[in-house]
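Asks: Once you've had a glance at the structure underneath, I'll fire off some questions.
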Amino acid sequence: MNFIIYILKKLTYLTTVLIGIIILMFIIVQSIPGDPARSAAGPAASKERLIEIRENLGLDLPVYIQVYRYFGRVINLDLGKSIRTKKDVWDELVLYLPASIELVVSAMFINIFFGVLIGVYSAVKPRQIIDKLSNLITILGMGLPIFWVGIISQLLFYNIWDIFPYGGRLPAGVNPPQYQTGSYIIDSLLMWDLALLSISLHHLILPAFIMSLPELAVTARIMRNSILNVLNKDYIITAKAKGLNQSRILFVHAMKNAMMVPISLFGMQTGWILGGTLLVESVFSWGGLGSLAYNAIYKRDFPIIMGVTLVISLCFVLTNFSVEIIHKYIDKRLT
Amino acid sequence: MKNLKIKLGAFVISMALTLTASANSNSIKIAHSEYAFSYDPVYCNWSDIGRICAIAYDALLKFEPTNKVLVPHLAKSYKKLDGGSKYRFILNKNVTFHDGNKLKAQDVKYSFERIMAIKDGVANLIQDVRSINVIDDHTFDILLKRPTAAFLYSLPQIMIINSKTAKKYEVDGDWAKKYLDDHDLGSGPYKLSLHLAEQRAEFKKYDDYWKGWRTDNINGVTFLWIKDSATQRLMLEKGDLDIMMEPVLSELKDLKKNSNLQIHSTSSAVVFTIDFRVIRKPLDNINIRKALAHAIDYEYHLNVALEGFGKRAKGPLSSQLMFFNDNLPLVDFDMKKAKQYLKEAGYPNGGFTLKVAYESGQAEKQRALEMIQQNWGLLGIKVEPVGTDWMGQDEMQKNKDSDIDVYLGYIWPAAAETDIALRTFYHSDYKGVFGDNAPFWSSDKVDQLFDSGIIEQNINKRSEIYKNLQHEIVKGFSSAFVSETPFVIVTNKRVFGYEYNPAHHQAIDVYNMTLSN
């Protein structure tokens with residue numbers, strides 16, 4: 001019962017956060033200078049046409065009425081139509097979301113796998129070469145702008161060493177797998193087309209790695225400190241005194257408690273990585289939500305901007321909700 | 001087990017192939033930053049979709065860039081009737097669409113009516129069309145609401161689509177708009193073979209193209225949508241790309257050194273202007289505007305901001321367009337004259353501040369801003385920059401009460417026709433409707449010239465009217481006309497036959513190009 005109340009409390013809180021984000025975004029988007037009707041009308045449109053478009057889009061109404069109307073539509077799962085392309089916003093999101101999810105999940109996988117691995121190793125063997133390297137990666141990963149790292153990595157891995165492609169999800173001349181989930185990795189696996197899988201993976205590795213880099217650095221440091229902290233606890237000292245072997249102490253006793261902090265972090269990192277798709281997708285020509293948002297911002301395509309924001313916020317909120325549940329599951333004392 | 005081994009073998013081989021992939025020999029790869037969100041020719045006026053239109057669709061007439069004249073295309077002939085309020089066209093009989101359907105007059109009627117019903121994109125260019133009357137399968141009349149001389153020049157932007165197939169794919173009276181999101185319905189030399197949203201579009205040559213094929217024609221076209229110009233450059237230098245559409249001007253010197261690349265530069269139909277808001281003090285005084293115009297270092301702009309690729313603009317119209325007035329008085333860079341005009345205006349030592357709006361992402365405008373900041377500063381005029389993007393600037397320009405004094409802008413023609421190019425910028429009807437008329441300047445005489453020019457049918461008289469019109473605009477000193485913005489693309493050495501066409505700004509006429517081996 002307590003668990004259900006806990007979930008309901010969290011859900012209420014997260015829904016409030018989501019509503020707050022939508023209102024805030026709506027106001028921010030509306031205050032960006034620029035006339036979306038002009039973008040929709042195109043060059044040399046007549047005066048009458050411009051006025052007609054403004055009325056159709058409700059741009060002539062006060063912002064609070066527009067927000068009210070927007071909520072009404074969102075409740076009915078209607079996100080409106082793109083001002084520029086006139087396509088349904090849902091259709092656009094469904095088209096682009098799988099590419100971004102593929103990239104984000106891969107980046108998170110790299111982040112968790114390598115971040116935890118490096119963190120644990122650095123904790124177990126502090127001040128040795130891996131620990132020092134991880135320190136360096138942390139500084140670089142957090143300090144360098146991600147788009148710059150992306151461009152430099154293209155220069156090195158594509159132009160000079162010819163190891164990875166410039167970007168894109170597939171090379172020119174190669175057809176994507178039949179659409180099932182929208183993820184080329186999963187769809188080529190479902191079709192059991194290993195050749196296509198290899199090509200898709202080849203295109204995915206570099207952008208996913210670059211995207212994970214800042215987070216990986218943080219994960220490694222947090223994991224290291226968390227493990228070091230737990231290793232100094234009394235119950236670990238007791239375990240050592242009992243003569244338990246090092247691996248058992250580390251992976252069975254220390255890890256469970258040490259993972260609490262990184263798990264909270266993973267929830268937020270997913271949101272940060274998803275937010276960072278805009279830059280990485282631009283550099284690597286990855287046709288996902290980031291690319292969609294990039295064009296929408298430039299063209300003042302408000303319904304698309306709002307749609308992308310909504311999806312990213314929803315992913316952020318849901319991931320954090322899942323993390324809270326996992327936390328509660330691991331540590332029943334949490335309220 | 002054996003099957004698994006074969007699959008794993010294929011996996012390894014494909015990895016190797018991917019690593020060594022190189023450009024297809026007779027297919028051209030073109031990179032640009034903006035994604036074509038549809039293959040619907042209603043949007044041919046958007047540069048991203050205009051590129052698609054140029055290869056997948058045909059129009060009734062084409063604009064021939066060398067002689068700046070209209071030439072027959074799908075229409076093998078046309079004649080003006082009823083004093084210019086009606087045009088009769090006769091179609092070529094051997095034209096087929098990509099699915100084999102033959103082109104008929106009904107397709108033209110459908111295409112025009114479709115654009116007029118959708119009321120978007122190029123619809124603005126044919127707002128004077130009243131109706132289309134089909135006479136027979138290959139003859140039809142276009143009736144206009146009024147005799148409009150500019151009408152014929154809009155036709156290169158109006159692409160004809162396959163009405164039979166379009167009707168088959170109409171959903172809820174959408175004029176096949178949804179179908180055209182990822183299909184083409186044209187008769188052009190190349191047909192769509194693969195569409196990947198935000199990634200690329202591949203076109204293959206249409207074997208039955210009505211104009212036929214030479215042995216050296218290019219077989220296929222791939223458009224790659226790559227936002228980052230640094231990535232485009234890397235691909236071009238590596239040989240994975242044939243054409244880079246949006247090079248950064250400051251990188252051209254470096255690219256020039258690469259013997260495998262060639263730079264194609266031409267002055268475009270776009271004119272870069274420094275616009276003075278004439279309704280704000282002290283810019284309401286023409287002598288102040290003259291002083292500011294004389295304090296612009298035009299040569300510096302061409303040589304530094306445009307890296308030597310631009311051309312001095314003489315007036316509001318680019319030399320690429322017909323009726324360009326080559327005899328306009330040129331405003332020279334002369335600080336003495338500038339000081340003299342300031343004195344005449346009652347501001348011998350300047351002593352005022354001008355807020356200048358510019359697109360901070362545009363290198364040309366940023367450099368121009370630095371230059372005027374320096375030169376106007378020498379006159380005692382302080383420049384306060386206001387950075388924005390094009391839509392932000394458009395919003396300010398449209399607003400009569402905006403507190404911005406000067407705008408760094410472009411005159412960007414919607415079609416290669418003088419009236420269409422200038423009307424929204426200088427006819428008083430458009431003041432405050434769009435941001436085009438940044439100076440908020442107008443004159444009765446200019447309005448009269450526009451109104452008589454649009455209905456005048458005699459080409460010599462039209463030429464005279466529009467040349468006078470340019471003269472009147474220049475006389476008003478509402479703007480300083482700085483440069484004809486260069487249109488630059490970089491190609492690798494195997495690309496031949498590229499020609500800039502002001503009617504299809506930023507499009508590439510692949511059909512008339514070749515690739516060497």
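By order in the structure tokens, chains are A, B, ...; within a chain, residues start at 1; ligands start at 1, following the order shown.
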Could you give me, as a ChimeraX atom specification, each residue of stretch 362-460 of chain B that DSSP assigns to strand (DSSP E or B) when run on this structure's backbone?
Replies: /B:382-388,406-411,431,434
Asks: Could the residues in this selection be written to a file with C-alpha atoms, as a PDB file, in the first residue's frame?
Replies:
ATOM      1  CA  LYS B 382      27.864  55.880 -32.387  1.00  0.00           C
ATOM      2  CA  VAL B 383      26.645  52.499 -33.604  1.00  0.00           C
ATOM      3  CA  GLU B 384      24.790  50.260 -31.195  1.00  0.00           C
ATOM      4  CA  PRO B 385      24.559  46.735 -32.695  1.00  0.00           C
ATOM      5  CA  VAL B 386      21.472  44.581 -32.159  1.00  0.00           C
ATOM      6  CA  GLY B 387      22.158  40.976 -33.174  1.00  0.00           C
ATOM      7  CA  THR B 388      19.263  38.734 -34.158  1.00  0.00           C
ATOM      8  CA  VAL B 406      19.370  50.891 -39.475  1.00  0.00           C
ATOM      9  CA  TYR B 407      18.925  47.361 -40.806  1.00  0.00           C
ATOM     10  CA  LEU B 408      21.440  45.258 -42.667  1.00  0.00           C
ATOM     11  CA  GLY B 409      19.211  43.397 -45.092  1.00  0.00           C
ATOM     12  CA  TYR B 410      18.814  41.611 -48.373  1.00  0.00           C
ATOM     13  CA  ILE B 411      16.536  42.200 -51.325  1.00  0.00           C
ATOM     14  CA  LYS B 431       4.779  48.844 -45.773  1.00  0.00           C
ATOM     15  CA  PHE B 434       6.100  42.189 -44.399  1.00  0.00           C
TER      16      PHE B 434
END
Asks: Using only C-alpha atoms, which of the listed residues (A:Ala258, A:Val124, A:Met191, A:Val283) sits closest to chain B?
Replies: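 Once distances to chain B are computed over only C-alpha atoms, the minimum belongs to A:Val283.
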Asks: Which residues, written as a PyMOL selection string, have at least one atom at most 6 Å from stretch 285-296 of chain A, with only C-alpha atoms counted and residues fewer than 6 positions away on the same chain left out?
Replies: (chain A and resi 96-97+99-100+167-168+277-278+305) or (chain B and resi 198-199+226)
Asks: Keeping only all heavy atoms, write the selected residues as an mmCIF file, in the first residue's frame.
Replies:
data_model
loop_
_atom_site.group_PDB
_atom_site.id
_atom_site.type_symbol
_atom_site.label_atom_id
_atom_site.label_comp_id
_atom_site.auth_asym_id
_atom_site.auth_seq_id
_atom_site.Cartn_x
_atom_site.Cartn_y
_atom_site.Cartn_z
ATOM 1 N N TYR A 96 10.678 10.957 -36.436
ATOM 2 C CA TYR A 96 12.050 11.289 -36.019
ATOM 3 C C TYR A 96 12.469 10.685 -34.684
ATOM 4 O O TYR A 96 13.655 10.536 -34.422
ATOM 5 C CB TYR A 96 12.217 12.812 -35.944
ATOM 6 C CG TYR A 96 12.147 13.478 -37.284
ATOM 7 C CD1 TYR A 96 10.997 14.145 -37.701
ATOM 8 C CD2 TYR A 96 13.211 13.418 -38.152
ATOM 9 C CE1 TYR A 96 10.924 14.743 -38.945
ATOM 10 C CE2 TYR A 96 13.154 14.009 -39.409
ATOM 11 C CZ TYR A 96 12.006 14.675 -39.792
ATOM 12 O OH TYR A 96 11.944 15.253 -41.022
ATOM 13 N N LEU A 97 11.487 10.375 -33.836
ATOM 14 C CA LEU A 97 11.819 9.916 -32.486
ATOM 15 C C LEU A 97 12.683 8.644 -32.458
ATOM 16 O O LEU A 97 13.660 8.577 -31.702
ATOM 17 C CB LEU A 97 10.531 9.727 -31.671
ATOM 18 C CG LEU A 97 10.709 9.407 -30.193
ATOM 19 C CD1 LEU A 97 11.455 10.527 -29.484
ATOM 20 C CD2 LEU A 97 9.365 9.186 -29.508
ATOM 21 N N ALA A 99 14.998 7.501 -34.340
ATOM 22 C CA ALA A 99 16.425 7.758 -34.608
ATOM 23 C C ALA A 99 17.091 8.333 -33.370
ATOM 24 O O ALA A 99 18.211 7.951 -33.016
ATOM 25 C CB ALA A 99 16.568 8.719 -35.782
ATOM 26 N N SER A 100 16.390 9.250 -32.699
ATOM 27 C CA SER A 100 16.967 9.862 -31.497
ATOM 28 C C SER A 100 17.052 8.850 -30.363
ATOM 29 O O SER A 100 18.048 8.818 -29.626
ATOM 30 C CB SER A 100 16.114 11.056 -31.053
ATOM 31 O OG SER A 100 16.258 12.088 -31.971
ATOM 32 N N GLY A 167 28.994 10.654 -40.903
ATOM 33 C CA GLY A 167 27.741 10.758 -40.145
ATOM 34 C C GLY A 167 26.629 10.127 -40.962
ATOM 35 O O GLY A 167 26.888 9.295 -41.829
ATOM 36 N N GLY A 168 25.402 10.549 -40.699
ATOM 37 C CA GLY A 168 24.268 9.917 -41.378
ATOM 38 C C GLY A 168 23.987 8.573 -40.745
ATOM 39 O O GLY A 168 24.843 8.014 -40.054
ATOM 40 N N THR A 277 20.907 16.122 -28.129
ATOM 41 C CA THR A 277 20.817 15.563 -29.495
ATOM 42 C C THR A 277 20.846 16.670 -30.539
ATOM 43 O O THR A 277 21.286 16.452 -31.656
ATOM 44 C CB THR A 277 19.516 14.747 -29.704
ATOM 45 O OG1 THR A 277 18.418 15.565 -29.339
ATOM 46 C CG2 THR A 277 19.508 13.469 -28.916
ATOM 47 N N LEU A 278 20.363 17.844 -30.164
ATOM 48 C CA LEU A 278 20.274 18.938 -31.132
ATOM 49 C C LEU A 278 21.642 19.219 -31.771
ATOM 50 O O LEU A 278 21.756 19.319 -32.986
ATOM 51 C CB LEU A 278 19.743 20.183 -30.430
ATOM 52 C CG LEU A 278 19.197 21.259 -31.360
ATOM 53 C CD1 LEU A 278 17.873 21.785 -30.832
ATOM 54 C CD2 LEU A 278 20.152 22.408 -31.506
ATOM 55 N N ILE A 305 8.267 22.965 -32.203
ATOM 56 C CA ILE A 305 9.133 23.236 -31.042
ATOM 57 C C ILE A 305 8.446 22.720 -29.774
ATOM 58 O O ILE A 305 9.055 22.050 -28.940
ATOM 59 C CB ILE A 305 9.435 24.752 -30.896
ATOM 60 C CG1 ILE A 305 10.149 25.285 -32.142
ATOM 61 C CG2 ILE A 305 10.300 25.015 -29.660
ATOM 62 C CD1 ILE A 305 10.360 26.797 -32.153
ATOM 63 N N GLU B 198 15.268 13.864 -43.366
ATOM 64 C CA GLU B 198 16.404 14.529 -42.713
ATOM 65 C C GLU B 198 17.739 13.866 -43.016
ATOM 66 O O GLU B 198 18.736 14.187 -42.394
ATOM 67 C CB GLU B 198 16.218 14.605 -41.190
ATOM 68 C CG GLU B 198 15.331 15.734 -40.721
ATOM 69 C CD GLU B 198 16.013 17.097 -40.744
ATOM 70 O OE1 GLU B 198 17.165 17.176 -41.155
ATOM 71 O OE2 GLU B 198 15.343 18.082 -40.385
ATOM 72 N N GLN B 199 17.785 12.929 -43.935
ATOM 73 C CA GLN B 199 19.064 12.299 -44.242
ATOM 74 C C GLN B 199 19.445 12.508 -45.707
ATOM 75 O O GLN B 199 20.365 13.243 -46.011
ATOM 76 C CB GLN B 199 19.021 10.819 -43.925
ATOM 77 C CG GLN B 199 18.892 10.530 -42.439
ATOM 78 C CD GLN B 199 18.883 9.055 -42.166
ATOM 79 O OE1 GLN B 199 19.851 8.352 -42.387
ATOM 80 N NE2 GLN B 199 17.737 8.562 -41.697
ATOM 81 N N ILE B 226 23.194 17.850 -44.914
ATOM 82 C CA ILE B 226 24.237 17.922 -43.896
ATOM 83 C C ILE B 226 24.278 19.348 -43.370
ATOM 84 O O ILE B 226 24.629 20.275 -44.096
ATOM 85 C CB ILE B 226 25.597 17.511 -44.507
ATOM 86 C CG1 ILE B 226 25.500 16.065 -44.991
ATOM 87 C CG2 ILE B 226 26.719 17.656 -43.489
ATOM 88 C CD1 ILE B 226 26.641 15.617 -45.836
#
Asks: Looking at only C-alpha atoms, which of B:Ala503, B:Ala31, B:Ile489, B:Met159 is the one that sits closest to B:Asp228?
Replies: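 Closest to B:Asp228, using only C-alpha atoms: B:Ala31.
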Asks: I'd like to know which residues of stretch 69-281 of chain A are alpha helix (DSSP H) (by DSSP, run on the backbone); could you write them as a PyMOL selection string?
Replies: chain A and resi 69-75+89-124+129-143+146-153+184-190+194-231+234-241+246-248+255-258+260-275+277-281
Asks: Can you tell me, as a ChimeraX atom specification, what residues are no more than 8 Å from stretch 303-320 of chain B when counting only C-alpha atoms, ignoring any on the same chain fewer than 2 positions away?
Replies: /B:68,249-250,252,265-272,298-301,322,324-326,328-330,363-365,367-368,411,418,421-422,470-471,473-474,481-486,502
Asks: For A:Ser82, work out the shell of residues within 7 Å, counting only C-alpha atoms and skipping chain neighbours fewer than 6 positions away, then give it as a PDB file with N, CA, C and O atoms, in the first residue's frame.
Replies:
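Writing the result to out-v6.pdb gives the following:
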ATOM      1  N   ASP A  88       1.144  16.845 -39.662  1.00  0.00           N
ATOM      2  CA  ASP A  88       0.734  16.627 -38.293  1.00  0.00           C
ATOM      3  C   ASP A  88       1.975  16.524 -37.394  1.00  0.00           C
ATOM      4  O   ASP A  88       2.914  15.793 -37.734  1.00  0.00           O
ATOM      5  N   VAL A  89       1.972  17.221 -36.269  1.00  0.00           N
ATOM      6  CA  VAL A  89       3.160  17.205 -35.404  1.00  0.00           C
ATOM      7  C   VAL A  89       3.429  15.792 -34.881  1.00  0.00           C
ATOM      8  O   VAL A  89       4.571  15.339 -34.814  1.00  0.00           O
ATOM      9  N   ASP A 301       8.764  27.443 -36.117  1.00  0.00           N
ATOM     10  CA  ASP A 301       7.670  26.492 -36.254  1.00  0.00           C
ATOM     11  C   ASP A 301       7.233  26.083 -34.843  1.00  0.00           C
ATOM     12  O   ASP A 301       7.635  25.039 -34.315  1.00  0.00           O
ATOM     13  N   PRO A 303       4.490  24.892 -33.237  1.00  0.00           N
ATOM     14  CA  PRO A 303       3.927  23.586 -32.846  1.00  0.00           C
ATOM     15  C   PRO A 303       4.983  22.481 -32.786  1.00  0.00           C
ATOM     16  O   PRO A 303       4.943  21.624 -31.908  1.00  0.00           O
ATOM     17  N   ILE A 304       5.955  22.519 -33.714  1.00  0.00           N
ATOM     18  CA  ILE A 304       7.010  21.502 -33.687  1.00  0.00           C
ATOM     19  C   ILE A 304       7.915  21.717 -32.472  1.00  0.00           C
ATOM     20  O   ILE A 304       8.246  20.756 -31.764  1.00  0.00           O
TER      21      ILE A 304
END
Asks: Can you pull out every residue within 8 Å of stretch 425-428 of chain B, counting only C-alpha atoms, but drop anything in the same chain fewer than 5 positions away, and send it as an NGL selection string?
Replies: :B and (411 or 436-438 or 441-443 or 446-447 or 450 or 473)
Asks: Which neighbours of A:Pro36 fall inside 10 Å, counting only C-alpha atoms, when residues of the same chain fewer than 5 positions from it are skipped, and could you give them as a list in words?
Replies: Gln30, Ala41, Ile53, Arg54, Leu57, Leu59, Ile83, Arg84, Lys299, Arg300, Asp301 and Phe302 of chain A; Met391 and Glu395 of chain B
Asks: Please compute the atom CA of A:Arg248-atom CA of A:Glu324 distance, one decimal, in Å.
Replies: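 One can read the atom CA of A:Arg248 to atom CA of A:Glu324 distance as 26.9 Å.
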Asks: Give the answer as one residue: which of A:Ser153, A:Thr319, A:Ser198, A:Asn225 has the shortest atom-to-atom distance to A:Leu14, using only C-alpha atoms?
Replies: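 So, comparing all the options, the nearest one is A:Thr319.
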Asks: For chain A, which residue out of B:Gln262, B:Asn375, B:Asn460, B:Thr424 is the nearest one, using only C-alpha atoms?
Replies: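 Result for the nearest residue to chain A: B:Thr424.
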Asks: Of the residues B:Asn26, B:Gln373, B:Asn124, B:Asn162, which is the one nearest to chain A, using only C-alpha atoms?
Replies: B:Asn124
